[in-house]
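Heads up: the structure comes next, in structure tokens.
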Amino acid sequence: MPEKIDLSERLFNLTCALLVAGNGLSKSEIFATVQGYKETYEPGGDLTAINRMFERDKTLLTSAGIPWRSFIPQEAMGDNQEFRYLIANEDFVWPKGLTLTSKQVALLNLAAQVWAKASISADANRAIHRIRAMGEKADGSSLIGIAPRIRTHEPCFLPLSTAIESCSRVSFDYLKPGETNFSVRNIEPWSLQNIGGQWLLVGFDLDRDEPRNFLLKRIVSEIDIQDVTFEAPESGQVAKTLAELELHKLSQTAKLKTSSASAAWFHFDLAAGQTEFEVNFMDLYLFAEELMEFADEIEVLEPKQLADLIRANLQKVSDVHA
Amino acid sequence: MPRSSSLSGADRYNFMLALTGYLINNRQQKLSDLANHFQVTEKEIRSAVVTISLSGVGMYRPDELFFLDYDLLEEGIVDLSFAPTLEAVPRLSTRQAAAISSGLSYLMDLVDAKDQEQIKELLEILGRGALSTKELPFVVQPNHGDSDLALVRQAVAESRALKCSYINSAGEITNREIEPQLLESREANWFLKGFCRSNQESRVFRLDRMREIVLLEPFEERELLDADSDLIYSVRKSDTDVLFEVDPEAFALIADYKPEFEISGNKSVKVKIPIGQLETLGRIVARYSGKVRVLAPAEARLAVREFAQRALGQRKPEAVAE
């Protein structure tokens, strides 16, 4: 009895097999020769399980960034059409001749640590293993004492990222602030953007027929990833949507008043003696939340909706703690 | 010191690819050096190279594709030779590249001009090395132009003390001399952990509560800090255990104050968090506009209610006594 081969070994063997096979391998050749497959392969037997294993492994290779190709050889066109699989060396490797300096490795390490508390920390670590494999040691002497962290505590972050990578349509329930009922959104997801600490999904809303932004924290259901794919957005589309969002922000101004030497005065970095000031905001509800911790020392002069919202929020806080 | 970790599945597969790429260019490596370089245990290195050496596919039998010198391995030296297959380290997957790229752009604000040039170069390399030419699945937009942040980062990097005006959560303004140790971010907020000369103890300062920052002379290191630990929020004996009920939209609170708490699902959770000064609780809880509720003890509920009431009653700001 051969020893059972674990997933990592099977994937590694499959990768090597597809790399060394110049003409590619057919499925039956893979099953017959690659460790992890050949132990259970019986030509002519029931192939359901081994086929399923192969399909799963292909998905795993893709998500690990290992670009396999499949093709039907020219000479076989028409008769026995069997796919052959291979990994082309030029797809596999980093740009040839690339060397990193020790400072660059240190910066890359720190970039990976940004995600230490996030749901993609495993991917960041895998990237670092590949980067270390390029040989250079890290010199991070000037980077000691910095611990930048971005969090992804929204449970929908990973499924949305997966859907974006595979260009799959998604649907989810979205709860707009101030409304009590959620609405179902059908979206072609383009990109996740972290702006000022908030995660935003940029995508094409199929029902409203235009690009829209969604705050991840307002998504109240699981993400339903559908079996329908779409064309990736043209380059610049996401940037264009973000530029519109920025314009929208510039068009919304709040006039605020605080006292000199208050925490708000520190926070908004006001000049000596300055008590009235203006701030642009992207989203009324988010901005109201940002101001809540200064609620006892800030007066909202304009717009009235912002003042009302803060008052209502305070009333809510007071009520639930009565 | 190599971290203890246990690689399995996709992580181990990824690691074996990386390790193979590394060993091609680096013959006769000490086990201990490899463990250090990749930050995994020697046991894992040994197990991975043995697995690699046993990979055999297609026309290559096991031992032919990769040849491992077992005698040297007994002496703690890894020497692996290759048939011409895996020529280099595999490029990063889309998600790996996205994690590193967006981590790097987040660092932009934080490093000096020289490192910024390096980051630009790295982003360009990653753009070439990433699998797809499409948009990255997730991006962190930098917050430009915080001069205080740059100054504090310089103080940390150069181990220089700094002097500033600081407003604490009780609204008291004092002049502080701080020996900075660790600069950490929480979403859009930055925190400085350092030794406060005025109070003769380590404290955590919020950058948006600092003004008039001036760098002073270099200081003698007091103690070494483990940069990995979550130092920003530390528990003291005198803290009060406060029981919170937190809605999913406010999970950020848990990530900030109790990062070890496992959040799963989309339902409200109850969590106990030790809080130092109850009078600061109002500001913390108000921010979530009722989506965080303090359940116990009674004096904590009262503190929150009083904050809300004070803010509701006092919409006109008054000068805060210094």
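To be explicit about the labels: the chains of the structure tokens are called A, B, and onward in the order shown, and within each one the residues are counted from 1, while ligands get numbers from 1 in the order they are shown.
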Can you tell me, as a PDB file with N, CA and C atoms, in the first residue's frame, what residues are no more than 9 Å from segment 204-218 of chain A when counting only C-alpha atoms, ignoring any on the same chain fewer than 2 positions away?
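Listing of out13.pdb after writing:
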ATOM      1  N   HIS A 153     -12.512  43.314   8.965  1.00  0.00           N
ATOM      2  CA  HIS A 153     -13.393  42.532   9.834  1.00  0.00           C
ATOM      3  C   HIS A 153     -14.746  42.258   9.191  1.00  0.00           C
ATOM      4  N   GLU A 154     -15.008  42.845   8.030  1.00  0.00           N
ATOM      5  CA  GLU A 154     -16.268  42.527   7.364  1.00  0.00           C
ATOM      6  C   GLU A 154     -16.178  41.111   6.799  1.00  0.00           C
ATOM      7  N   PRO A 155     -17.127  40.245   7.175  1.00  0.00           N
ATOM      8  CA  PRO A 155     -17.059  38.848   6.702  1.00  0.00           C
ATOM      9  C   PRO A 155     -17.184  38.735   5.181  1.00  0.00           C
ATOM     10  N   CYS A 156     -17.694  39.775   4.511  1.00  0.00           N
ATOM     11  CA  CYS A 156     -17.901  39.671   3.057  1.00  0.00           C
ATOM     12  C   CYS A 156     -16.624  40.002   2.276  1.00  0.00           C
ATOM     13  N   PHE A 157     -15.542  40.393   2.969  1.00  0.00           N
ATOM     14  CA  PHE A 157     -14.339  40.817   2.237  1.00  0.00           C
ATOM     15  C   PHE A 157     -13.770  39.707   1.342  1.00  0.00           C
ATOM     16  N   ASP A 173     -27.659  41.369   0.244  1.00  0.00           N
ATOM     17  CA  ASP A 173     -28.637  42.296   0.832  1.00  0.00           C
ATOM     18  C   ASP A 173     -27.891  43.521   1.347  1.00  0.00           C
ATOM     19  N   TYR A 174     -28.412  44.685   1.008  1.00  0.00           N
ATOM     20  CA  TYR A 174     -27.751  45.932   1.389  1.00  0.00           C
ATOM     21  C   TYR A 174     -28.726  46.784   2.187  1.00  0.00           C
ATOM     22  N   LEU A 175     -28.257  47.252   3.331  1.00  0.00           N
ATOM     23  CA  LEU A 175     -29.118  48.065   4.193  1.00  0.00           C
ATOM     24  C   LEU A 175     -28.644  49.507   4.162  1.00  0.00           C
ATOM     25  N   LYS A 176     -29.413  50.347   3.481  1.00  0.00           N
ATOM     26  CA  LYS A 176     -29.032  51.763   3.448  1.00  0.00           C
ATOM     27  C   LYS A 176     -29.352  52.391   4.790  1.00  0.00           C
ATOM     28  N   PRO A 177     -28.494  53.304   5.251  1.00  0.00           N
ATOM     29  CA  PRO A 177     -28.746  53.915   6.557  1.00  0.00           C
ATOM     30  C   PRO A 177     -30.066  54.681   6.518  1.00  0.00           C
ATOM     31  N   ARG A 185     -29.140  43.468  -4.000  1.00  0.00           N
ATOM     32  CA  ARG A 185     -28.372  44.097  -5.070  1.00  0.00           C
ATOM     33  C   ARG A 185     -27.724  43.019  -5.934  1.00  0.00           C
ATOM     34  N   ASN A 186     -27.788  43.220  -7.239  1.00  0.00           N
ATOM     35  CA  ASN A 186     -27.116  42.325  -8.191  1.00  0.00           C
ATOM     36  C   ASN A 186     -25.990  43.104  -8.845  1.00  0.00           C
ATOM     37  N   ILE A 187     -24.768  42.659  -8.590  1.00  0.00           N
ATOM     38  CA  ILE A 187     -23.603  43.485  -8.911  1.00  0.00           C
ATOM     39  C   ILE A 187     -22.552  42.702  -9.691  1.00  0.00           C
ATOM     40  N   GLU A 188     -21.926  43.392 -10.643  1.00  0.00           N
ATOM     41  CA  GLU A 188     -20.673  42.889 -11.205  1.00  0.00           C
ATOM     42  C   GLU A 188     -19.554  43.561 -10.406  1.00  0.00           C
ATOM     43  N   PRO A 189     -18.904  42.819  -9.510  1.00  0.00           N
ATOM     44  CA  PRO A 189     -17.939  43.459  -8.608  1.00  0.00           C
ATOM     45  C   PRO A 189     -16.618  43.770  -9.318  1.00  0.00           C
ATOM     46  N   TRP A 190     -16.147  45.005  -9.174  1.00  0.00           N
ATOM     47  CA  TRP A 190     -14.922  45.435  -9.855  1.00  0.00           C
ATOM     48  C   TRP A 190     -13.724  45.489  -8.926  1.00  0.00           C
ATOM     49  N   LEU A 192     -12.355  46.302  -4.533  1.00  0.00           N
ATOM     50  CA  LEU A 192     -12.559  46.724  -3.150  1.00  0.00           C
ATOM     51  C   LEU A 192     -11.587  47.865  -2.871  1.00  0.00           C
ATOM     52  N   GLN A 198     -12.415  52.984   5.538  1.00  0.00           N
ATOM     53  CA  GLN A 198     -13.659  52.262   5.235  1.00  0.00           C
ATOM     54  C   GLN A 198     -13.492  51.433   3.972  1.00  0.00           C
ATOM     55  N   TRP A 199     -13.976  50.189   4.016  1.00  0.00           N
ATOM     56  CA  TRP A 199     -13.943  49.363   2.810  1.00  0.00           C
ATOM     57  C   TRP A 199     -15.187  49.590   1.973  1.00  0.00           C
ATOM     58  N   LEU A 200     -14.946  49.775   0.676  1.00  0.00           N
ATOM     59  CA  LEU A 200     -15.994  50.105  -0.277  1.00  0.00           C
ATOM     60  C   LEU A 200     -15.907  49.113  -1.430  1.00  0.00           C
ATOM     61  N   LEU A 201     -17.054  48.629  -1.883  1.00  0.00           N
ATOM     62  CA  LEU A 201     -17.070  47.819  -3.097  1.00  0.00           C
ATOM     63  C   LEU A 201     -17.470  48.716  -4.258  1.00  0.00           C
ATOM     64  N   VAL A 202     -16.609  48.750  -5.277  1.00  0.00           N
ATOM     65  CA  VAL A 202     -16.963  49.459  -6.507  1.00  0.00           C
ATOM     66  C   VAL A 202     -17.414  48.406  -7.506  1.00  0.00           C
ATOM     67  N   VAL A 220     -25.548  43.132   4.612  1.00  0.00           N
ATOM     68  CA  VAL A 220     -26.073  42.416   5.782  1.00  0.00           C
ATOM     69  C   VAL A 220     -26.336  40.931   5.526  1.00  0.00           C
ATOM     70  N   VAL A 238     -12.533  51.901 -12.849  1.00  0.00           N
ATOM     71  CA  VAL A 238     -12.593  52.020 -11.398  1.00  0.00           C
ATOM     72  C   VAL A 238     -12.116  53.414 -10.980  1.00  0.00           C
ATOM     73  N   THR A 241     -14.806  55.945 -11.534  1.00  0.00           N
ATOM     74  CA  THR A 241     -15.845  55.889 -10.504  1.00  0.00           C
ATOM     75  C   THR A 241     -15.353  56.540  -9.211  1.00  0.00           C
ATOM     76  N   LEU A 242     -14.075  56.296  -8.884  1.00  0.00           N
ATOM     77  CA  LEU A 242     -13.526  56.885  -7.663  1.00  0.00           C
ATOM     78  C   LEU A 242     -13.403  58.401  -7.786  1.00  0.00           C
ATOM     79  N   LEU A 245     -16.648  59.868  -7.113  1.00  0.00           N
ATOM     80  CA  LEU A 245     -16.905  59.850  -5.679  1.00  0.00           C
ATOM     81  C   LEU A 245     -16.207  61.031  -5.001  1.00  0.00           C
TER      82      LEU A 245
ATOM     83  N   PRO B 248     -23.333  43.623  14.066  1.00  0.00           N
ATOM     84  CA  PRO B 248     -22.290  43.358  13.056  1.00  0.00           C
ATOM     85  C   PRO B 248     -21.670  44.628  12.470  1.00  0.00           C
ATOM     86  N   GLU B 249     -22.481  45.665  12.276  1.00  0.00           N
ATOM     87  CA  GLU B 249     -21.958  46.896  11.683  1.00  0.00           C
ATOM     88  C   GLU B 249     -20.871  47.531  12.535  1.00  0.00           C
ATOM     89  N   ALA B 250     -20.828  47.165  13.814  1.00  0.00           N
ATOM     90  CA  ALA B 250     -19.886  47.796  14.739  1.00  0.00           C
ATOM     91  C   ALA B 250     -18.771  46.848  15.171  1.00  0.00           C
ATOM     92  N   PHE B 251     -18.564  45.773  14.414  1.00  0.00           N
ATOM     93  CA  PHE B 251     -17.534  44.800  14.786  1.00  0.00           C
ATOM     94  C   PHE B 251     -16.137  45.425  14.880  1.00  0.00           C
TER      95      PHE B 251
END
Using DSSP on the backbone coordinates, identify all residues within segment 3-189 of chain B classified as strand (DSSP E or B); present the result as a PyMOL selection string.
-> chain B and resi 29-30+66-68+77-78+80-82+90+138-140+160-167+173-186+189
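With only C-alpha atoms taken into account, the protein and nucleic acid residues at most 10 Å from Ser166 of chain A (excluding it and anything under 2 positions from it in its own chain) are Thr62, Ser63, Leu160, Ser161, Thr162, Ala163, Ile164, Ser168, Arg169, Pro189, Thr229, Phe230 and Ala232 of chain A; Pro137 of chain B.
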Proximity to chain A - best of B:Pro297, B:Gly282, B:Gly103, B:Gly313, only C-alpha atoms |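 Closest residue, counting only C-alpha atoms: B:Gly103.
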List the neighbours of Ser202 of chain B out to 10 Å using only C-alpha atoms; skip same-chain residues closer than 2 positions along the sequence, and give me the result as a list in words.
->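 My list of contacting residues is Ile178, Glu179, Pro180, Gln181, Lys193, Gly194, Phe195, Cys196, Arg197, Asn199, Gln200, Val204 and Phe205 of chain B.
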Among listed residues B:Leu17, B:Leu182, B:Leu243, B:Leu215, nearest Leu162 of chain B (using only C-alpha atoms) |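 Among B:Leu17, B:Leu182, B:Leu243, B:Leu215, it is B:Leu215 that comes nearest to Leu162 of chain B.
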